[in-house]
file run10.cif (mmCIF, C-alpha atoms)
data_start
loop_
_atom_site.label_atom_id
_atom_site.label_comp_id
_atom_site.auth_asym_id
_atom_site.auth_seq_id
_atom_site.Cartn_x
_atom_site.Cartn_y
_atom_site.Cartn_z
CA VAL A 1 -24.66 -10.21 -51.85
CA ALA A 2 -23.89 -6.47 -51.57
CA LEU A 3 -27.34 -5.61 -50.38
CA ASP A 4 -28.35 -4.91 -46.83
CA LEU A 5 -31.35 -3.51 -45.04
CA SER A 6 -29.92 0.01 -44.78
CA ILE A 7 -29.72 0.24 -48.61
CA LEU A 8 -33.34 -0.84 -49.01
CA VAL A 9 -34.48 1.59 -46.29
CA SER A 10 -32.42 4.39 -47.87
CA LEU A 11 -34.15 3.79 -51.20
CA ALA A 12 -37.51 3.94 -49.40
CA PHE A 13 -36.58 7.28 -47.82
CA LEU A 14 -35.53 8.58 -51.24
CA PHE A 15 -38.99 7.72 -52.54
CA GLY A 16 -40.41 9.30 -49.39
CA ILE A 17 -38.59 12.59 -50.06
CA ALA A 18 -39.97 12.54 -53.61
CA ALA A 19 -43.48 11.91 -52.24
CA GLN A 20 -43.16 14.81 -49.78
CA PHE A 21 -42.06 17.07 -52.64
CA LYS A 22 -45.05 16.07 -54.76
CA ALA A 23 -47.45 16.35 -51.81
CA ALA A 24 -46.13 19.86 -51.12
CA ASP A 25 -47.47 20.72 -54.59
CA GLY A 26 -44.22 20.16 -56.43
CA TYR A 27 -46.22 19.59 -59.63
CA SER A 28 -47.65 23.12 -59.70
CA PHE A 29 -44.36 24.63 -58.63
CA LEU A 30 -42.31 23.07 -61.43
CA ARG A 31 -44.93 23.79 -64.08
CA GLY A 32 -45.14 27.42 -62.93
CA LEU A 33 -41.37 27.71 -62.91
CA ILE A 34 -41.10 26.49 -66.49
CA SER A 35 -43.77 28.96 -67.57
CA THR A 36 -41.94 31.80 -65.82
CA LEU A 37 -38.60 30.90 -67.38
CA GLU A 38 -40.09 30.23 -70.80
CA GLY A 39 -40.29 33.93 -71.68
CA ARG A 40 -36.58 34.47 -71.01
CA LEU A 41 -34.97 31.22 -72.11
CA GLY A 42 -37.48 29.64 -74.47
CA VAL A 43 -39.32 26.53 -73.38
CA MET A 44 -36.55 24.08 -74.23
CA TYR A 45 -33.87 25.80 -72.16
CA ALA A 46 -36.46 26.43 -69.43
CA VAL A 47 -36.81 22.65 -69.21
CA VAL A 48 -33.01 22.32 -69.20
CA ALA A 49 -32.68 24.87 -66.36
CA VAL A 50 -35.41 23.33 -64.21
CA THR A 51 -34.16 19.76 -64.60
CA ALA A 52 -30.53 20.82 -64.07
CA VAL A 53 -31.37 22.62 -60.83
CA PHE A 54 -33.83 20.16 -59.30
CA SER A 55 -32.63 16.73 -60.51
CA PRO A 56 -29.76 16.56 -58.00
CA PHE A 57 -32.20 16.78 -55.10
CA VAL A 58 -35.12 14.58 -56.08
CA LEU A 59 -35.37 11.21 -57.86
CA ASN A 60 -34.96 11.59 -61.62
CA ASP A 61 -38.07 9.49 -62.29
CA VAL A 62 -40.16 11.97 -60.31
CA LEU A 63 -39.06 14.92 -62.42
CA VAL A 64 -39.82 12.96 -65.58
CA LEU A 65 -43.22 12.04 -64.20
CA ILE A 66 -44.00 15.70 -63.48
CA LEU A 67 -42.51 17.39 -66.53
CA THR A 68 -43.38 14.99 -69.35
CA PRO A 69 -47.14 15.80 -69.33
CA VAL A 70 -46.19 19.50 -69.46
CA LEU A 71 -44.03 18.88 -72.53
CA VAL A 72 -46.76 16.84 -74.20
CA SER A 73 -49.28 19.67 -73.72
CA TYR A 74 -46.73 22.22 -75.00
CA SER A 75 -46.13 20.14 -78.08
CA LYS A 76 -49.82 19.67 -78.80
CA GLU A 77 -50.78 23.31 -78.13
CA SER A 78 -47.99 24.87 -80.15
CA GLY A 79 -47.83 22.15 -82.81
CA THR A 80 -44.08 21.79 -82.40
CA ASP A 81 -41.99 18.66 -82.36
CA ILE A 82 -41.77 17.06 -78.94
CA ALA A 83 -38.46 15.31 -79.68
CA PRO A 84 -36.06 18.16 -78.68
CA LEU A 85 -38.12 18.92 -75.57
CA LEU A 86 -38.16 15.29 -74.51
CA VAL A 87 -34.45 14.85 -75.16
CA ALA A 88 -33.67 18.03 -73.19
CA GLU A 89 -35.71 16.78 -70.26
CA VAL A 90 -34.30 13.25 -70.16
CA THR A 91 -30.70 14.25 -70.88
CA PHE A 92 -30.47 16.88 -68.16
CA THR A 93 -32.41 14.78 -65.68
CA ASN A 94 -29.84 12.01 -66.08
CA ILE A 95 -26.84 14.35 -66.08
CA ALA A 96 -27.84 16.51 -63.12
CA GLY A 97 -29.33 13.57 -61.22
CA SER A 98 -25.87 12.01 -61.10
CA LEU A 99 -24.43 14.91 -59.10
CA THR A 100 -25.57 13.99 -55.58
CA PRO A 101 -26.53 10.81 -53.74
CA LEU A 102 -30.17 11.99 -53.81
CA GLY A 103 -30.54 12.28 -57.57
CA ASN A 104 -31.08 8.67 -58.63
CA PRO A 105 -31.18 5.11 -57.21
CA GLN A 106 -27.76 3.99 -58.44
CA ASN A 107 -26.13 6.91 -56.63
CA ILE A 108 -27.69 5.79 -53.35
CA LEU A 109 -26.37 2.27 -53.95
CA LEU A 110 -22.85 3.54 -54.67
CA TRP A 111 -22.88 6.11 -51.87
CA GLN A 112 -23.95 3.55 -49.28
CA ALA A 113 -21.49 0.94 -50.48
CA SER A 114 -18.51 3.30 -50.61
CA GLY A 115 -18.96 4.94 -47.21
CA ILE A 116 -17.91 8.38 -48.44
CA SER A 117 -19.61 11.61 -47.39
CA ALA A 118 -22.11 13.42 -49.60
CA GLY A 119 -19.58 16.24 -50.03
CA GLN A 120 -16.87 13.85 -51.21
CA PHE A 121 -19.39 12.30 -53.58
CA VAL A 122 -20.21 15.65 -55.19
CA ALA A 123 -16.53 16.60 -55.34
CA GLY A 124 -15.96 13.51 -57.47
CA THR A 125 -18.92 13.94 -59.80
CA TRP A 126 -19.33 17.62 -60.63
CA LEU A 127 -16.58 18.19 -63.20
CA PRO A 128 -17.47 15.57 -65.86
CA LEU A 129 -21.15 16.32 -65.34
CA VAL A 130 -20.64 20.03 -66.00
CA ALA A 131 -18.67 19.14 -69.13
CA SER A 132 -21.39 16.74 -70.27
CA GLY A 133 -24.11 19.30 -69.55
CA ALA A 134 -22.27 21.98 -71.53
CA ILE A 135 -21.91 19.62 -74.50
CA ALA A 136 -25.57 18.63 -74.39
CA ALA A 137 -26.71 22.26 -74.09
CA LEU A 138 -24.63 23.19 -77.14
CA LEU A 139 -25.97 20.28 -79.16
CA LEU A 140 -29.54 21.22 -78.27
CA PHE A 141 -29.02 24.85 -79.34
CA LYS A 142 -29.66 23.90 -82.96
CA PHE A 143 -33.21 22.90 -82.05
CA ARG A 144 -34.03 25.97 -79.97
CA ALA A 145 -35.67 27.91 -82.76
CA LYS A 146 -37.79 24.96 -83.80
CA VAL A 147 -39.69 24.90 -80.52
CA ALA A 148 -42.38 27.56 -80.32
CA ASN A 149 -43.54 29.04 -77.06
CA ARG A 150 -47.00 28.25 -75.79
CA ASN A 151 -49.96 30.46 -76.52
CA GLY A 152 -52.60 31.44 -73.98
CA ALA A 153 -52.66 31.42 -70.19
CA ALA A 154 -49.71 29.75 -68.54
CA PRO A 155 -49.51 28.41 -64.98
CA ARG A 156 -47.78 30.59 -62.38
CA ILE A 157 -45.62 29.66 -59.41
CA GLY A 158 -47.90 29.43 -56.39
CA SER A 159 -45.70 28.58 -53.45
CA TRP A 160 -41.95 28.12 -53.12
CA ALA A 161 -42.48 25.57 -50.33
CA PRO A 162 -41.54 22.54 -52.50
CA ALA A 163 -38.21 24.16 -53.42
CA ALA A 164 -37.61 25.11 -49.78
CA TYR A 165 -38.25 21.50 -48.77
CA LEU A 166 -35.78 20.09 -51.30
CA ALA A 167 -33.12 22.62 -50.29
CA GLY A 168 -33.74 21.81 -46.62
CA SER A 169 -33.60 18.04 -47.15
CA ALA A 170 -30.34 18.36 -49.09
CA ALA A 171 -28.90 20.56 -46.34
CA ILE A 172 -29.87 17.97 -43.72
CA VAL A 173 -28.28 15.10 -45.64
CA PHE A 174 -25.05 16.97 -46.32
CA PHE A 175 -24.73 18.39 -42.79
CA MET A 176 -25.51 15.16 -40.97
CA ASN A 177 -23.18 13.31 -43.27
CA TYR A 178 -20.49 15.87 -42.48
CA VAL A 179 -20.82 15.28 -38.73
CA GLY A 180 -20.70 11.52 -39.20
CA ILE A 181 -24.34 10.48 -38.79
CA PRO A 182 -25.22 7.39 -40.89
CA ASN A 183 -26.67 8.02 -44.33
CA VAL A 184 -29.89 6.18 -43.66
CA VAL A 185 -30.59 8.32 -40.58
CA ALA A 186 -29.88 11.52 -42.53
CA LEU A 187 -32.24 10.46 -45.31
CA GLY A 188 -34.90 9.52 -42.73
CA LEU A 189 -34.68 12.95 -41.13
CA ALA A 190 -34.84 14.64 -44.54
CA PHE A 191 -38.00 12.67 -45.24
CA ALA A 192 -39.46 13.52 -41.81
CA MET A 193 -38.79 17.23 -42.37
CA GLY A 194 -41.29 17.07 -45.22
CA PHE A 195 -44.13 16.69 -42.74
CA ALA A 196 -43.63 20.36 -41.88
CA PHE A 197 -45.03 21.05 -45.37
CA THR A 198 -47.48 18.19 -45.79
CA LEU A 199 -48.85 17.37 -42.33
CA LYS A 200 -52.09 19.19 -43.13
CA ASN A 201 -52.86 16.69 -45.86
CA PRO A 202 -51.49 13.23 -44.95
CA ARG A 203 -53.78 11.50 -47.45
CA ARG A 204 -52.11 13.30 -50.30
CA LEU A 205 -48.70 12.16 -49.08
CA ALA A 206 -49.92 8.57 -48.97
CA GLY A 207 -51.31 8.96 -52.50
CA GLU A 208 -48.07 10.44 -53.83
CA PHE A 209 -45.85 7.72 -52.36
CA ASP A 210 -45.01 5.49 -55.32
CA LEU A 211 -45.04 2.19 -53.46
CA ARG A 212 -45.32 0.12 -56.64
CA SER A 213 -42.16 1.62 -58.14
CA LEU A 214 -40.31 1.18 -54.85
CA LEU A 215 -41.29 -2.49 -54.65
CA ILE A 216 -40.24 -2.98 -58.28
CA LEU A 217 -36.90 -1.31 -57.58
CA TRP A 218 -36.33 -3.46 -54.48
CA ALA A 219 -37.19 -6.59 -56.49
CA LEU A 220 -34.94 -5.52 -59.35
CA VAL A 221 -31.98 -4.73 -57.12
CA GLY A 222 -32.53 -7.96 -55.18
CA ALA A 223 -32.76 -10.06 -58.36
CA VAL A 224 -29.57 -8.57 -59.79
CA ALA A 225 -27.78 -8.98 -56.44
CA LEU A 226 -28.82 -12.64 -56.44
CA LEU A 227 -27.63 -13.08 -60.01
CA GLY A 228 -24.34 -11.35 -59.17
CA ALA A 229 -23.80 -13.74 -56.27
CA VAL A 230 -24.31 -16.78 -58.53
CA ILE A 231 -22.41 -15.73 -61.65
CA GLY A 232 -19.96 -13.43 -59.87
CA PRO A 233 -16.91 -15.65 -60.36
CA VAL A 234 -17.64 -15.94 -64.09
CA ILE A 235 -18.09 -12.23 -64.75
CA LEU A 236 -15.51 -10.98 -62.25
CA PRO A 237 -12.72 -10.59 -64.86
CA TYR A 238 -15.00 -8.21 -66.79
CA VAL A 239 -16.44 -6.37 -63.78
CA ALA A 240 -13.39 -5.96 -61.56
CA PRO A 241 -11.56 -3.51 -63.88
CA ALA A 242 -14.74 -1.43 -64.08
CA ALA A 243 -14.95 -1.19 -60.29
CA THR A 244 -11.47 0.33 -60.11
CA ALA A 245 -12.65 3.32 -62.19
CA GLY A 246 -9.78 2.93 -64.63
CA GLN A 247 -10.68 4.80 -67.81
CA PRO A 248 -11.76 4.34 -70.51
CA TYR A 249 -12.66 0.78 -69.44
CA THR A 250 -15.17 1.80 -66.74
CA ALA A 251 -16.95 4.20 -69.08
CA GLY A 252 -17.04 1.55 -71.82
CA PHE A 253 -18.34 -1.06 -69.38
CA PHE A 254 -21.16 1.13 -68.10
CA GLY A 255 -21.97 2.39 -71.58
CA LEU A 256 -22.39 -1.13 -72.95
CA VAL A 257 -23.97 -2.82 -69.93
CA SER A 258 -26.38 0.03 -69.19
CA ALA A 259 -27.46 0.10 -72.82
CA ALA A 260 -28.45 -3.55 -72.45
CA ILE A 261 -29.86 -3.83 -68.92
CA SER A 262 -30.23 -0.20 -67.67
CA ASN A 263 -27.93 1.69 -65.33
CA VAL A 264 -29.43 0.67 -61.96
CA PRO A 265 -29.02 -3.09 -62.59
CA ALA A 266 -25.58 -2.44 -64.12
CA THR A 267 -24.49 -0.66 -60.94
CA GLN A 268 -25.95 -3.36 -58.69
CA LEU A 269 -24.20 -6.03 -60.75
CA VAL A 270 -20.85 -4.35 -60.06
CA LEU A 271 -21.62 -3.96 -56.36
CA SER A 272 -22.74 -7.59 -56.06
CA THR A 273 -19.64 -8.91 -57.79
CA THR A 274 -16.80 -6.90 -56.35
CA THR A 275 -15.86 -4.08 -53.99
CA VAL A 276 -16.05 -0.44 -55.03
CA THR A 277 -13.44 1.79 -53.43
CA PRO A 278 -14.40 5.20 -52.00
CA HIS A 279 -12.34 6.88 -54.72
CA ALA A 280 -14.13 4.99 -57.50
CA ALA A 281 -17.75 5.42 -56.33
CA PRO A 282 -18.35 8.96 -57.70
CA ILE A 283 -16.68 8.03 -61.00
CA LEU A 284 -18.95 5.02 -61.35
CA ALA A 285 -21.94 7.24 -60.53
CA VAL A 286 -20.97 9.61 -63.35
CA ASP A 287 -20.43 6.78 -65.83
CA ALA A 288 -23.71 5.05 -64.94
CA GLY A 289 -25.61 8.34 -64.99
CA LEU A 290 -24.28 9.52 -68.35
CA ALA A 291 -24.70 6.03 -69.81
CA GLY A 292 -28.38 6.47 -68.98
CA ASN A 293 -28.65 8.94 -71.85
CA ILE A 294 -27.66 6.57 -74.61
CA ASP A 295 -30.73 4.49 -75.41
CA PRO A 296 -34.30 4.05 -74.11
CA ILE A 297 -33.36 1.03 -71.99
CA SER A 298 -30.29 2.55 -70.37
CA SER A 299 -32.28 4.47 -67.75
CA PHE A 300 -35.73 3.88 -66.30
CA ALA A 301 -36.34 7.64 -66.51
CA ASN A 302 -35.99 7.35 -70.30
CA LEU A 303 -38.41 4.44 -70.45
CA LEU A 304 -40.92 6.31 -68.31
CA ALA A 305 -40.74 9.45 -70.45
CA LEU A 306 -41.07 7.57 -73.75
CA LEU A 307 -43.96 5.52 -72.42
CA MET A 308 -45.86 8.64 -71.34
CA VAL A 309 -45.32 10.34 -74.69
CA ARG A 310 -46.32 7.26 -76.64
CA ARG A 311 -49.50 6.92 -74.60
CA SER A 312 -50.36 10.52 -75.48
CA GLY A 313 -50.39 9.54 -79.16
CA LEU A 314 -47.19 11.35 -80.17
CA SER A 315 -44.37 9.61 -82.00
CA VAL A 316 -41.18 8.82 -80.07
CA ARG A 317 -39.05 7.53 -82.94
CA LYS A 318 -37.30 10.85 -83.65
CA ALA A 319 -36.72 11.43 -79.94
CA ILE A 320 -34.99 8.03 -79.65
CA VAL A 321 -32.64 8.80 -82.56
CA LEU A 322 -31.88 12.31 -81.28
CA GLN A 323 -31.32 10.94 -77.78
CA LEU A 324 -28.86 8.38 -79.13
CA VAL A 325 -26.78 11.02 -80.90
CA ILE A 326 -26.78 13.59 -78.09
CA GLY A 327 -26.44 10.89 -75.43
CA LEU A 328 -23.37 9.38 -77.09
CA VAL A 329 -21.59 12.72 -77.54
CA ALA A 330 -22.51 13.90 -74.02
CA PHE A 331 -21.21 10.56 -72.70
CA LEU A 332 -17.63 11.33 -73.76
CA PRO A 333 -16.72 13.21 -70.52
CA ALA A 334 -17.49 9.97 -68.65
CA ALA A 335 -14.24 8.54 -70.01
CA LEU A 336 -12.13 11.37 -68.53
CA VAL B 6 -31.90 -20.13 -70.64
CA THR B 7 -28.26 -19.19 -70.20
CA ALA B 8 -28.76 -15.60 -71.37
CA PRO B 9 -31.16 -14.02 -68.86
CA THR B 10 -30.81 -10.47 -70.15
CA ALA B 11 -31.46 -11.54 -73.71
CA GLY B 12 -34.52 -13.43 -72.47
CA ALA B 13 -35.93 -10.31 -70.81
CA LEU B 14 -35.46 -8.30 -74.00
CA LEU B 15 -36.82 -11.06 -76.23
CA VAL B 16 -40.16 -11.29 -74.43
CA GLY B 17 -40.58 -7.55 -74.85
CA GLU B 18 -40.13 -7.55 -78.60
CA ILE B 19 -41.25 -10.98 -79.80
CA LEU B 20 -44.91 -9.96 -80.05
CA TYR B 21 -44.20 -7.08 -82.40
CA SER B 22 -42.64 -6.25 -85.74
CA GLY B 23 -40.94 -3.10 -87.01
CA GLY B 24 -38.87 -2.44 -83.89
CA ALA B 25 -41.84 -1.94 -81.54
CA PHE B 26 -41.41 -3.03 -77.96
CA GLU B 27 -43.57 -3.91 -74.94
CA VAL B 28 -42.02 -1.31 -72.65
CA GLU B 29 -44.23 -2.18 -69.68
CA GLY B 30 -42.93 -5.75 -69.71
CA LEU B 31 -39.27 -4.82 -69.67
CA VAL B 32 -38.73 -4.10 -65.98
CA PRO B 33 -40.70 -7.15 -64.78
CA GLY B 34 -38.65 -9.11 -67.34
CA PHE B 35 -35.43 -7.81 -65.81
CA ILE B 36 -36.64 -9.02 -62.42
CA ALA B 37 -37.95 -12.39 -63.55
CA SER B 38 -35.08 -13.40 -65.83
CA PRO B 39 -32.24 -13.27 -63.24
CA VAL B 40 -34.39 -15.11 -60.69
CA GLY B 41 -35.32 -17.72 -63.31
CA TYR B 42 -31.70 -18.11 -64.31
CA VAL B 43 -30.58 -18.54 -60.69
CA VAL B 44 -33.19 -21.28 -60.18
CA PHE B 45 -32.01 -22.96 -63.40
CA ALA B 46 -28.36 -22.59 -62.37
CA ALA B 47 -29.08 -24.15 -58.98
CA TYR B 48 -29.91 -27.41 -60.80
CA ALA B 49 -27.86 -27.23 -63.99
CA GLY B 50 -24.88 -25.14 -62.87
CA ILE B 51 -23.45 -22.12 -64.66
CA THR B 52 -21.39 -23.95 -67.24
CA PRO B 53 -21.48 -22.04 -70.54
CA ILE B 54 -23.86 -23.47 -73.12
CA PHE B 55 -21.00 -24.42 -75.43
CA GLY B 56 -19.13 -26.28 -72.68
CA GLU B 57 -16.53 -25.47 -70.04
CA ASN B 58 -13.56 -26.48 -72.15
CA LEU B 59 -13.74 -23.31 -74.20
CA ALA B 60 -11.24 -21.53 -72.01
CA TYR B 61 -11.07 -17.78 -72.50
CA THR B 62 -9.27 -15.33 -70.29
CA PHE B 63 -10.30 -11.74 -70.51
CA THR B 64 -7.17 -9.63 -70.57
CA GLN B 65 -7.69 -6.93 -73.17
CA PRO B 66 -10.45 -4.38 -72.43
CA VAL B 67 -10.14 -3.18 -76.02
CA ASN B 68 -11.82 -6.44 -76.99
CA LEU B 69 -15.08 -4.89 -75.80
CA VAL B 70 -14.97 -2.71 -78.92
CA PHE B 71 -14.89 -5.82 -81.08
CA TYR B 72 -17.72 -7.32 -79.03
CA ALA B 73 -19.75 -4.21 -79.81
CA ILE B 74 -18.97 -4.60 -83.53
CA LEU B 75 -19.87 -8.30 -83.30
CA ARG B 76 -23.16 -7.29 -81.69
CA LEU B 77 -23.99 -5.09 -84.68
CA LEU B 78 -22.99 -7.83 -87.11
CA CYS B 79 -25.18 -10.36 -85.26
CA GLY B 80 -28.06 -7.93 -85.57
CA LEU B 81 -27.48 -7.66 -89.31
CA VAL B 82 -27.29 -11.45 -89.66
CA GLY B 83 -30.56 -11.72 -87.76
CA ARG B 84 -32.10 -9.24 -90.17
CA VAL B 85 -30.80 -11.21 -93.18
CA HIS B 86 -32.16 -14.41 -91.65
CA THR B 87 -35.69 -13.10 -91.15
CA THR B 88 -35.72 -11.45 -94.58
CA ALA B 89 -34.51 -14.67 -96.25
CA PHE B 90 -37.10 -16.67 -94.32
CA TYR B 91 -40.02 -14.55 -95.51
CA LYS B 92 -38.66 -14.36 -99.07
CA ALA B 93 -38.36 -18.16 -99.19
CA ARG B 94 -41.85 -18.57 -97.79
CA GLY B 95 -43.23 -16.17 -100.40
CA PHE B 96 -41.36 -17.94 -103.18
CA PHE B 97 -42.65 -21.39 -102.23
CA SER B 98 -46.18 -20.07 -101.76
CA SER B 99 -46.09 -18.79 -105.34
CA LEU B 100 -44.94 -22.15 -106.79
CA ARG B 101 -47.76 -24.09 -108.45
CA ILE B 102 -46.69 -27.55 -107.45
CA PRO B 103 -48.22 -30.14 -105.09
CA ARG B 104 -47.80 -29.05 -101.45
CA PHE B 105 -45.99 -32.23 -100.41
CA VAL B 106 -43.25 -31.51 -102.95
CA LYS B 107 -42.28 -28.23 -101.24
CA PRO B 108 -40.78 -29.78 -98.09
CA VAL B 109 -39.07 -32.35 -100.31
CA ILE B 110 -37.33 -29.51 -102.15
CA GLY B 111 -36.34 -27.99 -98.84
CA LEU B 112 -35.03 -31.35 -97.68
CA ALA B 113 -32.98 -31.75 -100.85
CA LEU B 114 -31.53 -28.23 -100.53
CA SER B 115 -30.54 -28.72 -96.93
CA GLY B 116 -28.73 -31.94 -97.79
#

call {"tool": "encode", "arguments": {"input": "run10.cif", "output": "structure tokens"}}
result
Amino acid sequence: VALDLSILVSLAFLFGIAAQFKAADGYSFLRGLISTLEGRLGVMYAVVAVTAVFSPFVLNDVLVLILTPVLVSYSKESGTDIAPLLVAEVTFTNIAGSLTPLGNPQNILLWQASGISAGQFVAGTWLPLVASGAIAALLLFKFRAKVANRNGAAPRIGSWAPAAYLAGSAAIVFFMNYVGIPNVVALGLAFAMGFAFTLKNPRRLAGEFDLRSLLILWALVGAVALLGAVIGPVILPYVAPAATAGQPYTAGFFGLVSAAISNVPATQLVLSTTTVTPHAAPILAVDAGLAGNIDPISSFANLLALLMVRRSGLSVRKAIVLQLVIGLVAFLPAAL
Amino acid sequence: VTAPTAGALLVGEILYSGGAFEVEGLVPGFIASPVGYVVFAAYAGITPIFGENLAYTFTQPVNLVFYAILRLLCGLVGRVHTTAFYKARGFFSSLRIPRFVKPVIGLALSG
């Protein structure tokens, strides 16, 4: 079973970094940043810019959790369709989150299993992700004019401390990785650095730590690892070619499997069944990340966003269809 | 029992019609179904439901394309099945004949 304690602890530290960011008032910061950018880019591309810049450094679910209520209020206040806004948010969260080991859970799994440095990881992921992002941005352009800007008072950026923390934590992870310190230690130090911003209010940090989601993720990864150990010999002929990163098979495998069981379990299934080479790990991260844009099930960030919008009383049907079209086209660079 | 992923998806949608889905139940379903399958497999083994003599060696990745097409066709067949079921039920409900005759007709039609 390709699952050890260091992977589970690394996932916990990733959630810890996200909690530190939120406790450092990351909510207000991101909302203020979107409002500031809205005047220059329009709200949809403001969402694209914010998610593209911040998703590589904080869990994609966290960004969705923060930004989706903002999009819902925009949609209700301006009376515009939420579908393009939601698709912009989810698409760029999944694309940009695939860039670094910090952006989503499956990247941590692949990074730990492959043993490559964070720099090598990014070197292997950036090109197809830039191509996918460019395609998605072009496809979304058609909807730009249909999204009105918000009327009335808009939130402002209060403090840049949350951004400074994310930049600092990324610098720690990359530097320590470069000098050969184990990933789990680097992530732990990045988490600990957050106390410089949140020590004044430890209760808020405790409140922002999403323990339930972490436990669910641990259980999910553990269950899939167990399944992989049992049925591994049966599915190995299908999984082994995907683990070698030979294209277009790997992209097709992740596209189909992620659409059925989501990209984190799909990645864990591969890791539990066979060995992923250092060369292949970033390619698998790209394929799993971009596959996350195809349907609501293919990424937990998608599910979370759709659930929040549906609970607000808005329809998600159009967003699902639009996501399918844009997700499929933006997935094409995964096969390169 | 031998399709844990399908089981997780089924429990999310079986309560609804019109494509609605119990999103909150999906992730717990994805946790429970592999564990349930592993427990089942510990007793019954992992032999495919149609037997182990159906030897198939996966050699052509391009076959995945046909699997995807088959998946769409299976969805369409499922749709036809449910539509035919409700049409047949409506038809027999509208027939003014003794109730016990209706299953007899069904029995005769099915051979």

call {"tool": "atom_distance", "arguments": {"input": "run10.cif", "atom1": "CA of Gly232 (chain A)", "atom2": "CA of Ser299 (chain A)"}}
result
23.1 Å

call {"tool": "interface_residues", "arguments": {"input": "run10.cif", "of": "chain B", "to": "chain A", "cutoff": "6 Å", "atoms": "all atoms listed in the file", "output": "JSON, numbers by chain"}}
result
{"B": [36, 39, 40]}

call {"tool": "atom_distance", "arguments": {"input": "run10.cif", "atom1": "CA of Val58 (chain A)", "atom2": "CA of Gly97 (chain A)"}}
result
7.8 Å

call {"tool": "atom_distance", "arguments": {"input": "run10.cif", "atom1": "CA of Ile110 (chain B)", "atom2": "CA of Tyr91 (chain B)"}}
result
16.6 Å

call {"tool": "axis_aligned_box", "arguments": {"input": "run10.cif", "around": "region 98-113 of chain B", "padding_each_side": "3 Å", "output": "lines of an AutoDock Vina configuration file"}}
result
center_x = -40.6
center_y = -25.6
center_z = -103.1
size_x = 21.2
size_y = 19.6
size_z = 16.8

call {"tool": "resolve_selection", "arguments": {"input": "run10.cif", "expression": "the PyMOL selection byres ((chain B and resi 70) around 12)", "output": "PDB file with C-alpha atoms, keeping the file's coordinate frame"}}
result
ATOM      1  CA  PRO A 248     -11.760   4.340 -70.510  1.00  0.00           C
ATOM      2  CA  TYR A 249     -12.660   0.780 -69.440  1.00  0.00           C
ATOM      3  CA  GLY A 252     -17.040   1.550 -71.820  1.00  0.00           C
ATOM      4  CA  PHE A 253     -18.340  -1.060 -69.380  1.00  0.00           C
ATOM      5  CA  GLY A 255     -21.970   2.390 -71.580  1.00  0.00           C
ATOM      6  CA  LEU A 256     -22.390  -1.130 -72.950  1.00  0.00           C
TER       7      LEU A 256
ATOM      8  CA  GLN B  65      -7.690  -6.930 -73.170  1.00  0.00           C
ATOM      9  CA  PRO B  66     -10.450  -4.380 -72.430  1.00  0.00           C
ATOM     10  CA  VAL B  67     -10.140  -3.180 -76.020  1.00  0.00           C
ATOM     11  CA  ASN B  68     -11.820  -6.440 -76.990  1.00  0.00           C
ATOM     12  CA  LEU B  69     -15.080  -4.890 -75.800  1.00  0.00           C
ATOM     13  CA  PHE B  71     -14.890  -5.820 -81.080  1.00  0.00           C
ATOM     14  CA  TYR B  72     -17.720  -7.320 -79.030  1.00  0.00           C
ATOM     15  CA  ALA B  73     -19.750  -4.210 -79.810  1.00  0.00           C
ATOM     16  CA  ILE B  74     -18.970  -4.600 -83.530  1.00  0.00           C
ATOM     17  CA  LEU B  75     -19.870  -8.300 -83.300  1.00  0.00           C
ATOM     18  CA  ARG B  76     -23.160  -7.290 -81.690  1.00  0.00           C
ATOM     19  CA  LEU B  77     -23.990  -5.090 -84.680  1.00  0.00           C
TER      20      LEU B  77
END

call {"tool": "residues_around", "arguments": {"input": "run10.cif", "residues": "region 70-75 of chain A", "least_positions_apart": "3", "cutoff": "8 Å", "atoms": "only C-alpha atoms", "output": "PyMOL selection string"}}
result
chain A and resi 31+66-67+78-82+85-86+149-150+309+312

call {"tool": "resolve_selection", "arguments": {"input": "run10.cif", "expression": "the PyMOL selection byres ((chain A and resi 103) around 9)", "output": "PyMOL selection string"}}
result
chain A and resi 14+54-60+93-94+96-102+104-108

call {"tool": "resolve_selection", "arguments": {"input": "run10.cif", "expression": "the PyMOL selection byres ((chain B and resi 17) around 12)", "output": "list in words"}}
result
Ile297 of chain A; Thr10, Ala11, Gly12, Ala13, Leu14, Leu15, Val16, Glu18, Ile19, Leu20, Tyr21, Ser22, Gly24, Ala25, Phe26, Glu27, Val28, Glu29, Gly30, Leu31, Val32, Pro33, Gly34 and Phe35 of chain B

call {"tool": "closest_residue", "arguments": {"input": "run10.cif", "among": "A:Glu89, A:Glu208, A:Glu77, A:Asp295", "to": "Ala19 (chain A)", "atoms": "all atoms listed in the file"}}
result
A:Glu208

call {"tool": "closest_residue", "arguments": {"input": "run10.cif", "among": "A:Ile181, A:Ala196, A:Met308, A:Ala52", "to": "Ala161 (chain A)", "atoms": "only C-alpha atoms"}}
result
A:Ala196

call {"tool": "residues_around", "arguments": {"input": "run10.cif", "residues": "Pro278 (chain A)", "least_positions_apart": "3", "cutoff": "8 Å", "atoms": "only C-alpha atoms", "output": "JSON, numbers by chain"}}
result
{"A": [114, 115, 116, 281, 282]}

call {"tool": "residues_around", "arguments": {"input": "run10.cif", "residues": "Phe13 (chain A)", "least_positions_apart": "5", "cutoff": "7 Å", "atoms": "all atoms listed in the file", "output": "PDB file with C-alpha atoms, in the coordinates of the input"}}
result
ATOM      1  CA  LEU A 187     -32.240  10.460 -45.310  1.00  0.00           C
ATOM      2  CA  GLY A 188     -34.900   9.520 -42.730  1.00  0.00           C
ATOM      3  CA  PHE A 191     -38.000  12.670 -45.240  1.00  0.00           C
TER       4      PHE A 191
END
